[in-house]
Amino acid sequence: MVRRVAFITGGGSGIGRASAQALARAGMNVVVADINEAAAHTVAAEVAELGTEGLPLRCDVTNEDSVRSAIEQTEARFGRLDVLVTSAGVDLHKELGDIELEDWRRVMDINVTGTFLCMKHARRLMLLNSYGRIICLGSSSGIYGMGWPAYSAAKAALNGLALSAARELALNGITVNVVAPGPTETPLSLDLWANNPGRRERLESTVPVGRVAKPEEIAAAIAYLASEDSGFVTGSTLVIDGGLTSLMRRPLPQAMP
Ligand SMILES: NC(=O)c1ccc[n+]([C@@H]2O[C@H](COP(=O)([O-])OP(=O)(O)OC[C@H]3O[C@@H](n4cnc5c(N)ncnc54)[C@H](O)[C@@H]3O)[C@@H](O)[C@H]2O)c1
């Protein structure tokens with residue numbers, strides 16, 4: 001049986017790291033691509049401990065040469081690419097009037113352009129086998145907004161990118177989907193909560209299930225979309241947010257006695 005190969009951007013931390021572990025448990029070799037090379041090495045070693053091969057690569061998703069080279073190194077090592085997870089991302093906690101153009105461009109570059117470049121170059125390898133699973137990390141912020149316009153705009157843009165790519169690649173056995181998490185306990189959020197006392201508690205009080213997600217809960221959904229079983233799912237956005245987007249404007253039921 002062929003061992004499938006997954007390429008995960010931002011694989012060195014948070015949701016990308018949990019996804020690397022989940023896909024290794026599913027029997028895949030995992031390329032851990034991250035701008036933080038040390039983190040990529042750590043996670044690749046975790047993959048190896050789970051019994052498959054982890055390949056750490058330094059990759060800056062905003063740089064086309066860097067992305068092209070990482071995909072070429074994947075091809076040289078494994079000869080194939082089956083799954084792309086684009087988890088490299090940054091947020092920006094600034095309201096409209098405070099966003100400098102430079103900040104705006106950085107958020108768009110990493111979240112949107114980075115996803116586009118990885119899809120563009122991964123597509124070439126996936127087409128060789130007429131098989132692929134592309135999973136983009138969006139956010140519930142791209143659906144309902146959060147007072148952080150640059151981040152919300154970037155994540156909303158990914159829906160359009162994924163939808164168009166899903167249509168383009170559907171007859172080639174390649175699916176393209178977005179996973180849109182709500183607040184998730186990763187280094188990205190822990191930083192924000194550490195600098196804003198009480199923020200996590202306020203946030204959790206707005207989530208119908210009463211807590212934030214664990215990265216493993218997002219990774220479990222990514223593992224499904226990365227599996228062979230998900231071949232009829234494409235052009236979808238899977239929202240994993242404890243009910244935040246669909247239930248937030250409705251009164252919550254009282255807790256059961
Ligand atoms: N944590 C949340 O609450 C949450 C919620 C919704 C969506 N998301 C999205 O999920 C994804 C992962 O978030 P996370 O919370 O795991 O973040 P994280 O900060 O823990 O991990 C992000 C990783 O991306 C890497 N990275 C940053 N810039 C890069 C670049 N230019 N090239 C390559 N790698 C780069 C970082 O080094 C880091 O390892 C992001 O796209 C984020 O927007 C996160």
# chains A, B, ... in the order shown; residues from 1 in each chain; ligands from 1

$ residues_near_ligand --ligand "ligand 1" --cutoff "6 Å" --atoms "only C-alpha atoms and all ligand atoms" --output "PyMOL selection string"
chain A and resi 9-16+34-36+59-62+87-90+110+137-139+181-189

$ write_last_selection --atoms "N, CA and C atoms" --output "mmCIF file, in the first residue's frame"
data_model
loop_
_atom_site.group_PDB
_atom_site.id
_atom_site.type_symbol
_atom_site.label_atom_id
_atom_site.label_comp_id
_atom_site.auth_asym_id
_atom_site.auth_seq_id
_atom_site.Cartn_x
_atom_site.Cartn_y
_atom_site.Cartn_z
ATOM 1 N N THR A 9 2.029 23.587 5.896
ATOM 2 C CA THR A 9 2.694 24.870 6.161
ATOM 3 C C THR A 9 2.306 25.324 7.567
ATOM 4 N N GLY A 10 3.221 26.012 8.219
ATOM 5 C CA GLY A 10 2.965 26.372 9.617
ATOM 6 C C GLY A 10 2.911 25.122 10.477
ATOM 7 N N GLY A 11 3.555 24.063 9.995
ATOM 8 C CA GLY A 11 3.490 22.770 10.686
ATOM 9 C C GLY A 11 4.251 22.745 12.001
ATOM 10 N N GLY A 12 4.996 23.806 12.279
ATOM 11 C CA GLY A 12 5.811 23.814 13.490
ATOM 12 C C GLY A 12 5.064 24.193 14.747
ATOM 13 N N SER A 13 3.807 24.592 14.646
ATOM 14 C CA SER A 13 3.120 25.101 15.844
ATOM 15 C C SER A 13 1.612 24.906 15.740
ATOM 16 N N GLY A 14 0.969 24.895 16.881
ATOM 17 C CA GLY A 14 -0.490 24.997 16.974
ATOM 18 C C GLY A 14 -1.250 23.973 16.149
ATOM 19 N N ILE A 15 -2.153 24.458 15.312
ATOM 20 C CA ILE A 15 -3.023 23.582 14.515
ATOM 21 C C ILE A 15 -2.199 22.800 13.493
ATOM 22 N N GLY A 16 -1.174 23.433 12.918
ATOM 23 C CA GLY A 16 -0.317 22.729 11.959
ATOM 24 C C GLY A 16 0.408 21.575 12.622
ATOM 25 N N ASP A 34 7.887 25.242 7.663
ATOM 26 C CA ASP A 34 7.635 26.391 8.547
ATOM 27 C C ASP A 34 8.779 27.379 8.392
ATOM 28 N N ILE A 35 8.463 28.651 8.596
ATOM 29 C CA ILE A 35 9.514 29.667 8.560
ATOM 30 C C ILE A 35 10.426 29.506 9.783
ATOM 31 N N ASN A 36 9.891 28.888 10.815
ATOM 32 C CA ASN A 36 10.653 28.592 12.029
ATOM 33 C C ASN A 36 11.252 27.191 11.889
ATOM 34 N N CYS A 59 10.524 27.039 5.164
ATOM 35 C CA CYS A 59 9.799 27.568 4.004
ATOM 36 C C CYS A 59 9.081 28.846 4.411
ATOM 37 N N ASP A 60 9.279 29.893 3.636
ATOM 38 C CA ASP A 60 8.530 31.134 3.837
ATOM 39 C C ASP A 60 7.442 31.160 2.768
ATOM 40 N N VAL A 61 6.197 31.011 3.191
ATOM 41 C CA VAL A 61 5.112 30.865 2.205
ATOM 42 C C VAL A 61 4.881 32.126 1.372
ATOM 43 N N THR A 62 5.453 33.258 1.806
ATOM 44 C CA THR A 62 5.247 34.488 1.036
ATOM 45 C C THR A 62 6.251 34.617 -0.106
ATOM 46 N N SER A 87 -1.568 25.937 6.951
ATOM 47 C CA SER A 87 -1.866 26.433 8.301
ATOM 48 C C SER A 87 -1.012 27.646 8.665
ATOM 49 N N ALA A 88 0.004 27.969 7.862
ATOM 50 C CA ALA A 88 0.812 29.166 8.162
ATOM 51 C C ALA A 88 -0.120 30.372 8.140
ATOM 52 N N GLY A 89 -0.121 31.122 9.198
ATOM 53 C CA GLY A 89 -1.004 32.286 9.242
ATOM 54 C C GLY A 89 -0.626 33.192 10.386
ATOM 55 N N VAL A 90 -1.029 34.447 10.265
ATOM 56 C CA VAL A 90 -0.845 35.406 11.366
ATOM 57 C C VAL A 90 -2.128 36.209 11.492
ATOM 58 N N ILE A 110 0.865 36.618 4.072
ATOM 59 C CA ILE A 110 1.066 35.310 4.717
ATOM 60 C C ILE A 110 -0.193 34.451 4.578
ATOM 61 N N LEU A 137 -6.595 26.637 6.056
ATOM 62 C CA LEU A 137 -7.071 27.112 7.348
ATOM 63 C C LEU A 137 -7.672 28.491 7.199
ATOM 64 N N GLY A 138 -8.996 28.540 7.227
ATOM 65 C CA GLY A 138 -9.704 29.813 7.282
ATOM 66 C C GLY A 138 -9.923 30.169 8.735
ATOM 67 N N SER A 139 -11.050 30.813 9.020
ATOM 68 C CA SER A 139 -11.371 31.164 10.409
ATOM 69 C C SER A 139 -12.831 31.561 10.480
ATOM 70 N N PRO A 181 -11.798 27.352 11.939
ATOM 71 C CA PRO A 181 -11.915 27.191 13.387
ATOM 72 C C PRO A 181 -12.393 28.473 14.054
ATOM 73 N N GLY A 182 -13.047 28.301 15.189
ATOM 74 C CA GLY A 182 -13.256 29.408 16.120
ATOM 75 C C GLY A 182 -12.013 29.490 16.998
ATOM 76 N N PRO A 183 -12.110 30.220 18.117
ATOM 77 C CA PRO A 183 -10.932 30.393 18.976
ATOM 78 C C PRO A 183 -10.364 29.053 19.436
ATOM 79 N N THR A 184 -9.067 28.902 19.254
ATOM 80 C CA THR A 184 -8.399 27.624 19.512
ATOM 81 C C THR A 184 -7.151 27.885 20.336
ATOM 82 N N GLU A 185 -6.911 26.991 21.286
ATOM 83 C CA GLU A 185 -5.798 27.184 22.221
ATOM 84 C C GLU A 185 -4.470 26.802 21.570
ATOM 85 N N THR A 186 -3.841 27.772 20.924
ATOM 86 C CA THR A 186 -2.537 27.554 20.287
ATOM 87 C C THR A 186 -1.619 28.708 20.711
ATOM 88 N N PRO A 187 -0.329 28.631 20.405
ATOM 89 C CA PRO A 187 0.568 29.745 20.748
ATOM 90 C C PRO A 187 0.055 31.095 20.232
ATOM 91 N N LEU A 188 -0.577 31.089 19.037
ATOM 92 C CA LEU A 188 -1.113 32.340 18.476
ATOM 93 C C LEU A 188 -2.122 32.992 19.416
ATOM 94 N N SER A 189 -3.041 32.206 19.966
ATOM 95 C CA SER A 189 -4.067 32.760 20.851
ATOM 96 C C SER A 189 -3.543 32.929 22.268
#

$ select_by_dssp --residues "range 82-184 of chain A" --states "helix (DSSP H, G or I)" --output "ChimeraX atom specification"
/A:96-98,101-129,141-144,149-172

$ select_by_dssp --residues "range 27-247 of chain A" --states "strand (DSSP E or B)" --output "ChimeraX atom specification"
/A:29-34,54-58,83-86,132-137,174-181,184,213,237-240

$ closest_residue --among "A:Glu64, A:Phe7, A:Asn111, A:Met146" --to "Ala44 in chain A" --atoms "only C-alpha atoms"
A:Phe7

$ residues_around --residues "range 19-22 of chain A" --least-positions-apart "6" --cutoff "9 Å" --atoms "only C-alpha atoms" --output "PDB file with all heavy atoms, in the first residue's frame"
ATOM      1  N   ALA A   6       1.932  14.175   3.121  1.00  0.00           N
ATOM      2  CA  ALA A   6       1.263  15.446   3.420  1.00  0.00           C
ATOM      3  C   ALA A   6       2.302  16.550   3.584  1.00  0.00           C
ATOM      4  O   ALA A   6       3.378  16.314   4.147  1.00  0.00           O
ATOM      5  CB  ALA A   6       0.443  15.314   4.699  1.00  0.00           C
ATOM      6  N   PHE A   7       1.959  17.727   3.111  1.00  0.00           N
ATOM      7  CA  PHE A   7       2.820  18.914   3.230  1.00  0.00           C
ATOM      8  C   PHE A   7       2.025  19.924   4.063  1.00  0.00           C
ATOM      9  O   PHE A   7       0.935  20.341   3.653  1.00  0.00           O
ATOM     10  CB  PHE A   7       3.096  19.444   1.819  1.00  0.00           C
ATOM     11  CG  PHE A   7       4.044  20.613   1.725  1.00  0.00           C
ATOM     12  CD1 PHE A   7       5.367  20.420   1.316  1.00  0.00           C
ATOM     13  CD2 PHE A   7       3.619  21.911   2.006  1.00  0.00           C
ATOM     14  CE1 PHE A   7       6.241  21.499   1.191  1.00  0.00           C
ATOM     15  CE2 PHE A   7       4.491  22.988   1.887  1.00  0.00           C
ATOM     16  CZ  PHE A   7       5.805  22.783   1.472  1.00  0.00           C
ATOM     17  N   ILE A   8       2.578  20.294   5.205  1.00  0.00           N
ATOM     18  CA  ILE A   8       1.823  21.177   6.114  1.00  0.00           C
ATOM     19  C   ILE A   8       2.598  22.470   6.325  1.00  0.00           C
ATOM     20  O   ILE A   8       3.716  22.448   6.873  1.00  0.00           O
ATOM     21  CB  ILE A   8       1.577  20.490   7.472  1.00  0.00           C
ATOM     22  CG1 ILE A   8       0.889  19.135   7.256  1.00  0.00           C
ATOM     23  CG2 ILE A   8       0.741  21.393   8.375  1.00  0.00           C
ATOM     24  CD1 ILE A   8       0.551  18.401   8.535  1.00  0.00           C
ATOM     25  N   GLY A  11       3.555  24.063   9.995  1.00  0.00           N
ATOM     26  CA  GLY A  11       3.490  22.770  10.686  1.00  0.00           C
ATOM     27  C   GLY A  11       4.251  22.745  12.001  1.00  0.00           C
ATOM     28  O   GLY A  11       4.133  21.790  12.766  1.00  0.00           O
ATOM     29  N   GLY A  12       4.996  23.806  12.279  1.00  0.00           N
ATOM     30  CA  GLY A  12       5.811  23.814  13.490  1.00  0.00           C
ATOM     31  C   GLY A  12       5.064  24.193  14.747  1.00  0.00           C
ATOM     32  O   GLY A  12       5.629  24.115  15.851  1.00  0.00           O
ATOM     33  N   MET A  28       0.537   8.713   7.276  1.00  0.00           N
ATOM     34  CA  MET A  28       1.162   9.525   6.213  1.00  0.00           C
ATOM     35  C   MET A  28       2.569   9.977   6.604  1.00  0.00           C
ATOM     36  O   MET A  28       2.839  10.263   7.779  1.00  0.00           O
ATOM     37  CB  MET A  28       0.319  10.774   5.933  1.00  0.00           C
ATOM     38  CG  MET A  28      -1.071  10.455   5.423  1.00  0.00           C
ATOM     39  SD  MET A  28      -1.949  11.958   4.927  1.00  0.00           S
ATOM     40  CE  MET A  28      -3.654  11.366   5.003  1.00  0.00           C
ATOM     41  N   ASN A  29       3.441  10.073   5.612  1.00  0.00           N
ATOM     42  CA  ASN A  29       4.682  10.817   5.786  1.00  0.00           C
ATOM     43  C   ASN A  29       4.329  12.307   5.759  1.00  0.00           C
ATOM     44  O   ASN A  29       3.417  12.714   5.020  1.00  0.00           O
ATOM     45  CB  ASN A  29       5.663  10.490   4.662  1.00  0.00           C
ATOM     46  CG  ASN A  29       6.173   9.055   4.749  1.00  0.00           C
ATOM     47  OD1 ASN A  29       6.333   8.515   5.844  1.00  0.00           O
ATOM     48  ND2 ASN A  29       6.413   8.430   3.601  1.00  0.00           N
ATOM     49  N   VAL A  30       5.052  13.092   6.554  1.00  0.00           N
ATOM     50  CA  VAL A  30       4.656  14.498   6.698  1.00  0.00           C
ATOM     51  C   VAL A  30       5.837  15.440   6.472  1.00  0.00           C
ATOM     52  O   VAL A  30       6.873  15.319   7.142  1.00  0.00           O
ATOM     53  CB  VAL A  30       4.061  14.768   8.100  1.00  0.00           C
ATOM     54  CG1 VAL A  30       3.621  16.230   8.215  1.00  0.00           C
ATOM     55  CG2 VAL A  30       2.875  13.847   8.381  1.00  0.00           C
ATOM     56  N   VAL A  31       5.661  16.369   5.543  1.00  0.00           N
ATOM     57  CA  VAL A  31       6.620  17.450   5.364  1.00  0.00           C
ATOM     58  C   VAL A  31       6.169  18.594   6.271  1.00  0.00           C
ATOM     59  O   VAL A  31       5.055  19.104   6.131  1.00  0.00           O
ATOM     60  CB  VAL A  31       6.656  17.930   3.895  1.00  0.00           C
ATOM     61  CG1 VAL A  31       7.695  19.038   3.738  1.00  0.00           C
ATOM     62  CG2 VAL A  31       6.944  16.760   2.963  1.00  0.00           C
ATOM     63  N   VAL A  32       7.032  18.949   7.217  1.00  0.00           N
ATOM     64  CA  VAL A  32       6.708  20.025   8.153  1.00  0.00           C
ATOM     65  C   VAL A  32       7.399  21.278   7.637  1.00  0.00           C
ATOM     66  O   VAL A  32       8.617  21.439   7.772  1.00  0.00           O
ATOM     67  CB  VAL A  32       7.177  19.678   9.580  1.00  0.00           C
ATOM     68  CG1 VAL A  32       6.736  20.765  10.552  1.00  0.00           C
ATOM     69  CG2 VAL A  32       6.650  18.315  10.006  1.00  0.00           C
ATOM     70  N   VAL A  43       8.817  19.117  15.273  1.00  0.00           N
ATOM     71  CA  VAL A  43       7.575  18.426  14.896  1.00  0.00           C
ATOM     72  C   VAL A  43       7.877  17.241  13.980  1.00  0.00           C
ATOM     73  O   VAL A  43       7.247  16.184  14.090  1.00  0.00           O
ATOM     74  CB  VAL A  43       6.566  19.421  14.267  1.00  0.00           C
ATOM     75  CG1 VAL A  43       5.333  18.687  13.765  1.00  0.00           C
ATOM     76  CG2 VAL A  43       6.184  20.479  15.284  1.00  0.00           C
ATOM     77  N   ALA A  44       8.875  17.398  13.103  1.00  0.00           N
ATOM     78  CA  ALA A  44       9.241  16.264  12.243  1.00  0.00           C
ATOM     79  C   ALA A  44       9.715  15.083  13.097  1.00  0.00           C
ATOM     80  O   ALA A  44       9.421  13.920  12.798  1.00  0.00           O
ATOM     81  CB  ALA A  44      10.323  16.679  11.249  1.00  0.00           C
ATOM     82  N   GLU A  46       8.617  14.485  16.117  1.00  0.00           N
ATOM     83  CA  GLU A  46       7.392  13.926  16.714  1.00  0.00           C
ATOM     84  C   GLU A  46       6.692  12.996  15.721  1.00  0.00           C
ATOM     85  O   GLU A  46       6.145  11.953  16.092  1.00  0.00           O
ATOM     86  CB  GLU A  46       6.436  15.065  17.128  1.00  0.00           C
ATOM     87  CG  GLU A  46       6.967  15.888  18.293  1.00  0.00           C
ATOM     88  CD  GLU A  46       6.157  17.159  18.561  1.00  0.00           C
ATOM     89  OE1 GLU A  46       5.224  17.478  17.780  1.00  0.00           O
ATOM     90  OE2 GLU A  46       6.458  17.835  19.548  1.00  0.00           O
ATOM     91  N   VAL A  47       6.702  13.390  14.450  1.00  0.00           N
ATOM     92  CA  VAL A  47       6.107  12.543  13.400  1.00  0.00           C
ATOM     93  C   VAL A  47       6.838  11.201  13.355  1.00  0.00           C
ATOM     94  O   VAL A  47       6.211  10.132  13.325  1.00  0.00           O
ATOM     95  CB  VAL A  47       6.178  13.256  12.026  1.00  0.00           C
ATOM     96  CG1 VAL A  47       5.893  12.299  10.877  1.00  0.00           C
ATOM     97  CG2 VAL A  47       5.207  14.442  11.990  1.00  0.00           C
ATOM     98  N   LEU A  50       5.892   8.741  15.801  1.00  0.00           N
ATOM     99  CA  LEU A  50       4.589   8.111  15.541  1.00  0.00           C
ATOM    100  C   LEU A  50       4.682   7.049  14.451  1.00  0.00           C
ATOM    101  O   LEU A  50       3.682   6.453  14.059  1.00  0.00           O
ATOM    102  CB  LEU A  50       3.551   9.189  15.171  1.00  0.00           C
ATOM    103  CG  LEU A  50       3.184  10.117  16.343  1.00  0.00           C
ATOM    104  CD1 LEU A  50       2.437  11.358  15.858  1.00  0.00           C
ATOM    105  CD2 LEU A  50       2.339   9.368  17.365  1.00  0.00           C
ATOM    106  N   GLY A  54       9.057  12.156   8.955  1.00  0.00           N
ATOM    107  CA  GLY A  54       8.834  13.598   8.992  1.00  0.00           C
ATOM    108  C   GLY A  54       9.996  14.289   8.301  1.00  0.00           C
ATOM    109  O   GLY A  54      11.153  13.996   8.597  1.00  0.00           O
ATOM    110  N   VAL A  85      -1.898  21.013   3.601  1.00  0.00           N
ATOM    111  CA  VAL A  85      -2.622  21.750   4.650  1.00  0.00           C
ATOM    112  C   VAL A  85      -1.942  23.101   4.784  1.00  0.00           C
ATOM    113  O   VAL A  85      -0.735  23.159   5.077  1.00  0.00           O
ATOM    114  CB  VAL A  85      -2.578  21.000   6.006  1.00  0.00           C
ATOM    115  CG1 VAL A  85      -3.321  21.793   7.082  1.00  0.00           C
ATOM    116  CG2 VAL A  85      -3.152  19.592   5.880  1.00  0.00           C
ATOM    117  N   PRO A 215      -6.316  22.315  19.707  1.00  0.00           N
ATOM    118  CA  PRO A 215      -5.841  22.136  18.325  1.00  0.00           C
ATOM    119  C   PRO A 215      -6.126  20.733  17.786  1.00  0.00           C
ATOM    120  O   PRO A 215      -6.370  20.559  16.590  1.00  0.00           O
ATOM    121  CB  PRO A 215      -4.334  22.401  18.414  1.00  0.00           C
ATOM    122  CG  PRO A 215      -4.007  22.646  19.840  1.00  0.00           C
ATOM    123  CD  PRO A 215      -5.266  22.814  20.611  1.00  0.00           C
ATOM    124  N   GLU A 216      -6.155  19.746  18.670  1.00  0.00           N
ATOM    125  CA  GLU A 216      -6.413  18.362  18.229  1.00  0.00           C
ATOM    126  C   GLU A 216      -7.834  18.223  17.661  1.00  0.00           C
ATOM    127  O   GLU A 216      -8.084  17.362  16.807  1.00  0.00           O
ATOM    128  CB  GLU A 216      -6.241  17.371  19.393  1.00  0.00           C
ATOM    129  CG  GLU A 216      -4.811  17.227  19.900  1.00  0.00           C
ATOM    130  CD  GLU A 216      -4.322  18.417  20.722  1.00  0.00           C
ATOM    131  OE1 GLU A 216      -5.161  19.197  21.241  1.00  0.00           O
ATOM    132  OE2 GLU A 216      -3.086  18.581  20.850  1.00  0.00           O
ATOM    133  N   ILE A 218      -9.383  20.467  15.898  1.00  0.00           N
ATOM    134  CA  ILE A 218      -9.343  20.995  14.524  1.00  0.00           C
ATOM    135  C   ILE A 218      -8.605  19.983  13.631  1.00  0.00           C
ATOM    136  O   ILE A 218      -9.020  19.691  12.503  1.00  0.00           O
ATOM    137  CB  ILE A 218      -8.625  22.369  14.475  1.00  0.00           C
ATOM    138  CG1 ILE A 218      -9.162  23.312  15.579  1.00  0.00           C
ATOM    139  CG2 ILE A 218      -8.754  22.986  13.092  1.00  0.00           C
ATOM    140  CD1 ILE A 218     -10.634  23.591  15.546  1.00  0.00           C
ATOM    141  N   ALA A 219      -7.532  19.424  14.186  1.00  0.00           N
ATOM    142  CA  ALA A 219      -6.734  18.461  13.417  1.00  0.00           C
ATOM    143  C   ALA A 219      -7.553  17.219  13.052  1.00  0.00           C
ATOM    144  O   ALA A 219      -7.343  16.618  11.989  1.00  0.00           O
ATOM    145  CB  ALA A 219      -5.490  18.067  14.212  1.00  0.00           C
ATOM    146  N   ALA A 220      -8.473  16.824  13.913  1.00  0.00           N
ATOM    147  CA  ALA A 220      -9.287  15.634  13.621  1.00  0.00           C
ATOM    148  C   ALA A 220     -10.130  15.870  12.367  1.00  0.00           C
ATOM    149  O   ALA A 220     -10.286  14.975  11.520  1.00  0.00           O
ATOM    150  CB  ALA A 220     -10.180  15.306  14.813  1.00  0.00           C
ATOM    151  N   ILE A 222      -9.356  18.006   9.987  1.00  0.00           N
ATOM    152  CA  ILE A 222      -8.390  18.081   8.880  1.00  0.00           C
ATOM    153  C   ILE A 222      -8.020  16.660   8.439  1.00  0.00           C
ATOM    154  O   ILE A 222      -7.924  16.377   7.239  1.00  0.00           O
ATOM    155  CB  ILE A 222      -7.156  18.903   9.308  1.00  0.00           C
ATOM    156  CG1 ILE A 222      -7.566  20.375   9.441  1.00  0.00           C
ATOM    157  CG2 ILE A 222      -6.002  18.738   8.318  1.00  0.00           C
ATOM    158  CD1 ILE A 222      -6.522  21.282  10.049  1.00  0.00           C
ATOM    159  N   ALA A 223      -7.864  15.764   9.401  1.00  0.00           N
ATOM    160  CA  ALA A 223      -7.505  14.380   9.060  1.00  0.00           C
ATOM    161  C   ALA A 223      -8.613  13.740   8.223  1.00  0.00           C
ATOM    162  O   ALA A 223      -8.330  12.984   7.288  1.00  0.00           O
ATOM    163  CB  ALA A 223      -7.259  13.580  10.333  1.00  0.00           C
TER     164      ALA A 223
END

$ residues_around --residues "Leu81 in chain A" --least-positions-apart "3" --cutoff "10 Å" --atoms "only C-alpha atoms" --output "JSON list (two decimals) with N, CA, C and O atoms, in the first residue's frame"
[["chain", "number", "residue", "atom", "x", "y", "z"],
["A", 4, "ARG", "N", 0.88, 7.75, 1.83],
["A", 4, "ARG", "CA", 0.59, 9.09, 1.32],
["A", 4, "ARG", "C", 1.50, 10.12, 1.99],
["A", 4, "ARG", "O", 2.00, 9.91, 3.09],
["A", 5, "VAL", "N", 1.67, 11.25, 1.29],
["A", 5, "VAL", "CA", 2.57, 12.30, 1.75],
["A", 5, "VAL", "C", 1.79, 13.60, 1.93],
["A", 5, "VAL", "O", 1.07, 14.04, 1.02],
["A", 6, "ALA", "N", 1.93, 14.18, 3.12],
["A", 6, "ALA", "CA", 1.26, 15.45, 3.42],
["A", 6, "ALA", "C", 2.30, 16.55, 3.58],
["A", 6, "ALA", "O", 3.38, 16.31, 4.15],
["A", 7, "PHE", "N", 1.96, 17.73, 3.11],
["A", 7, "PHE", "CA", 2.82, 18.91, 3.23],
["A", 7, "PHE", "C", 2.02, 19.92, 4.06],
["A", 7, "PHE", "O", 0.93, 20.34, 3.65],
["A", 29, "ASN", "N", 3.44, 10.07, 5.61],
["A", 29, "ASN", "CA", 4.68, 10.82, 5.79],
["A", 29, "ASN", "C", 4.33, 12.31, 5.76],
["A", 29, "ASN", "O", 3.42, 12.71, 5.02],
["A", 30, "VAL", "N", 5.05, 13.09, 6.55],
["A", 30, "VAL", "CA", 4.66, 14.50, 6.70],
["A", 30, "VAL", "C", 5.84, 15.44, 6.47],
["A", 30, "VAL", "O", 6.87, 15.32, 7.14],
["A", 31, "VAL", "N", 5.66, 16.37, 5.54],
["A", 31, "VAL", "CA", 6.62, 17.45, 5.36],
["A", 31, "VAL", "C", 6.17, 18.59, 6.27],
["A", 31, "VAL", "O", 5.06, 19.10, 6.13],
["A", 71, "ILE", "N", 8.55, 22.38, -2.37],
["A", 71, "ILE", "CA", 7.78, 21.35, -3.10],
["A", 71, "ILE", "C", 8.76, 20.46, -3.89],
["A", 71, "ILE", "O", 8.58, 19.23, -3.94],
["A", 74, "THR", "N", 10.26, 18.05, -1.57],
["A", 74, "THR", "CA", 9.26, 17.01, -1.25],
["A", 74, "THR", "C", 9.25, 15.95, -2.36],
["A", 74, "THR", "O", 9.26, 14.74, -2.10],
["A", 75, "GLU", "N", 9.27, 16.43, -3.59],
["A", 75, "GLU", "CA", 9.28, 15.51, -4.74],
["A", 75, "GLU", "C", 10.55, 14.66, -4.73],
["A", 75, "GLU", "O", 10.51, 13.44, -4.96],
["A", 78, "PHE", "N", 10.16, 12.13, -1.62],
["A", 78, "PHE", "CA", 9.07, 11.15, -1.58],
["A", 78, "PHE", "C", 8.50, 10.79, -2.96],
["A", 78, "PHE", "O", 7.75, 9.83, -3.09],
["A", 84, "LEU", "N", -2.17, 18.75, 1.02],
["A", 84, "LEU", "CA", -1.61, 20.05, 1.40],
["A", 84, "LEU", "C", -2.49, 20.65, 2.48],
["A", 84, "LEU", "O", -3.71, 20.77, 2.29],
["A", 122, "ALA", "N", 1.83, 22.91, -5.23],
["A", 122, "ALA", "CA", 1.42, 21.55, -4.83],
["A", 122, "ALA", "C", 0.58, 20.92, -5.93],
["A", 122, "ALA", "O", 0.67, 19.71, -6.19],
["A", 123, "ARG", "N", -0.23, 21.72, -6.57],
["A", 123, "ARG", "CA", -1.13, 21.25, -7.65],
["A", 123, "ARG", "C", -0.36, 20.46, -8.70],
["A", 123, "ARG", "O", -0.81, 19.41, -9.16],
["A", 124, "ARG", "N", 0.82, 20.95, -9.06],
["A", 124, "ARG", "CA", 1.61, 20.29, -10.10],
["A", 124, "ARG", "C", 1.91, 18.83, -9.72],
["A", 124, "ARG", "O", 1.70, 17.91, -10.52],
["A", 125, "LEU", "N", 2.33, 18.62, -8.48],
["A", 125, "LEU", "CA", 2.66, 17.25, -8.05],
["A", 125, "LEU", "C", 1.40, 16.39, -7.90],
["A", 125, "LEU", "O", 1.41, 15.21, -8.21],
["A", 126, "MET", "N", 0.34, 17.00, -7.42],
["A", 126, "MET", "CA", -0.91, 16.24, -7.23],
["A", 126, "MET", "C", -1.47, 15.77, -8.57],
["A", 126, "MET", "O", -2.00, 14.66, -8.69],
["A", 127, "LEU", "N", -1.32, 16.61, -9.58],
["A", 127, "LEU", "CA", -1.86, 16.25, -10.90],
["A", 127, "LEU", "C", -1.16, 15.02, -11.48],
["A", 127, "LEU", "O", -1.76, 14.27, -12.25],
["A", 128, "LEU", "N", 0.09, 14.79, -11.07],
["A", 128, "LEU", "CA", 0.81, 13.62, -11.60],
["A", 128, "LEU", "C", 0.08, 12.32, -11.28],
["A", 128, "LEU", "O", 0.12, 11.35, -12.04],
["A", 129, "ASN", "N", -0.60, 12.29, -10.10],
["A", 129, "ASN", "CA", -1.32, 11.07, -9.69],
["A", 129, "ASN", "C", -2.83, 11.23, -9.76],
["A", 129, "ASN", "O", -3.57, 10.36, -9.29],
["A", 131, "TYR", "N", -4.69, 12.89, -7.93],
["A", 131, "TYR", "CA", -5.21, 12.71, -6.57],
["A", 131, "TYR", "C", -4.68, 13.84, -5.70],
["A", 131, "TYR", "O", -3.49, 14.19, -5.78],
["A", 132, "GLY", "N", -5.54, 14.40, -4.87],
["A", 132, "GLY", "CA", -5.07, 15.42, -3.94],
["A", 132, "GLY", "C", -6.14, 15.83, -2.96],
["A", 132, "GLY", "O", -7.34, 15.73, -3.23],
["A", 133, "ARG", "N", -5.68, 16.28, -1.82],
["A", 133, "ARG", "CA", -6.56, 16.83, -0.79],
["A", 133, "ARG", "C", -5.92, 18.15, -0.33],
["A", 133, "ARG", "O", -4.82, 18.13, 0.23]]

$ closest_residue --among "A:Pro197, A:Gly173, A:Gly160, A:Gly210" --to "Thr237 in chain A" --atoms "only C-alpha atoms"
A:Gly160

$ atom_distance --atom1 "CA of Ala166 in chain A" --atom2 "CA of Leu23 in chain A"
21.6 Å

$ closest_residue --among "A:Val207, A:Gly27, A:Ala18, A:Ala154" --to "Met1 in chain A" --atoms "only C-alpha atoms"
A:Gly27

$ closest_residue --among "A:His121, A:Asp241, A:Leu96, A:Glu49" --to "Ser69 in chain A" --atoms "only C-alpha atoms"
A:His121

$ residues_around --residues "Val176 in chain A" --least-positions-apart "4" --cutoff "8 Å" --atoms "only C-alpha atoms" --output "PyMOL selection string"
chain A and resi 133-136+162-163+165-166+234-236
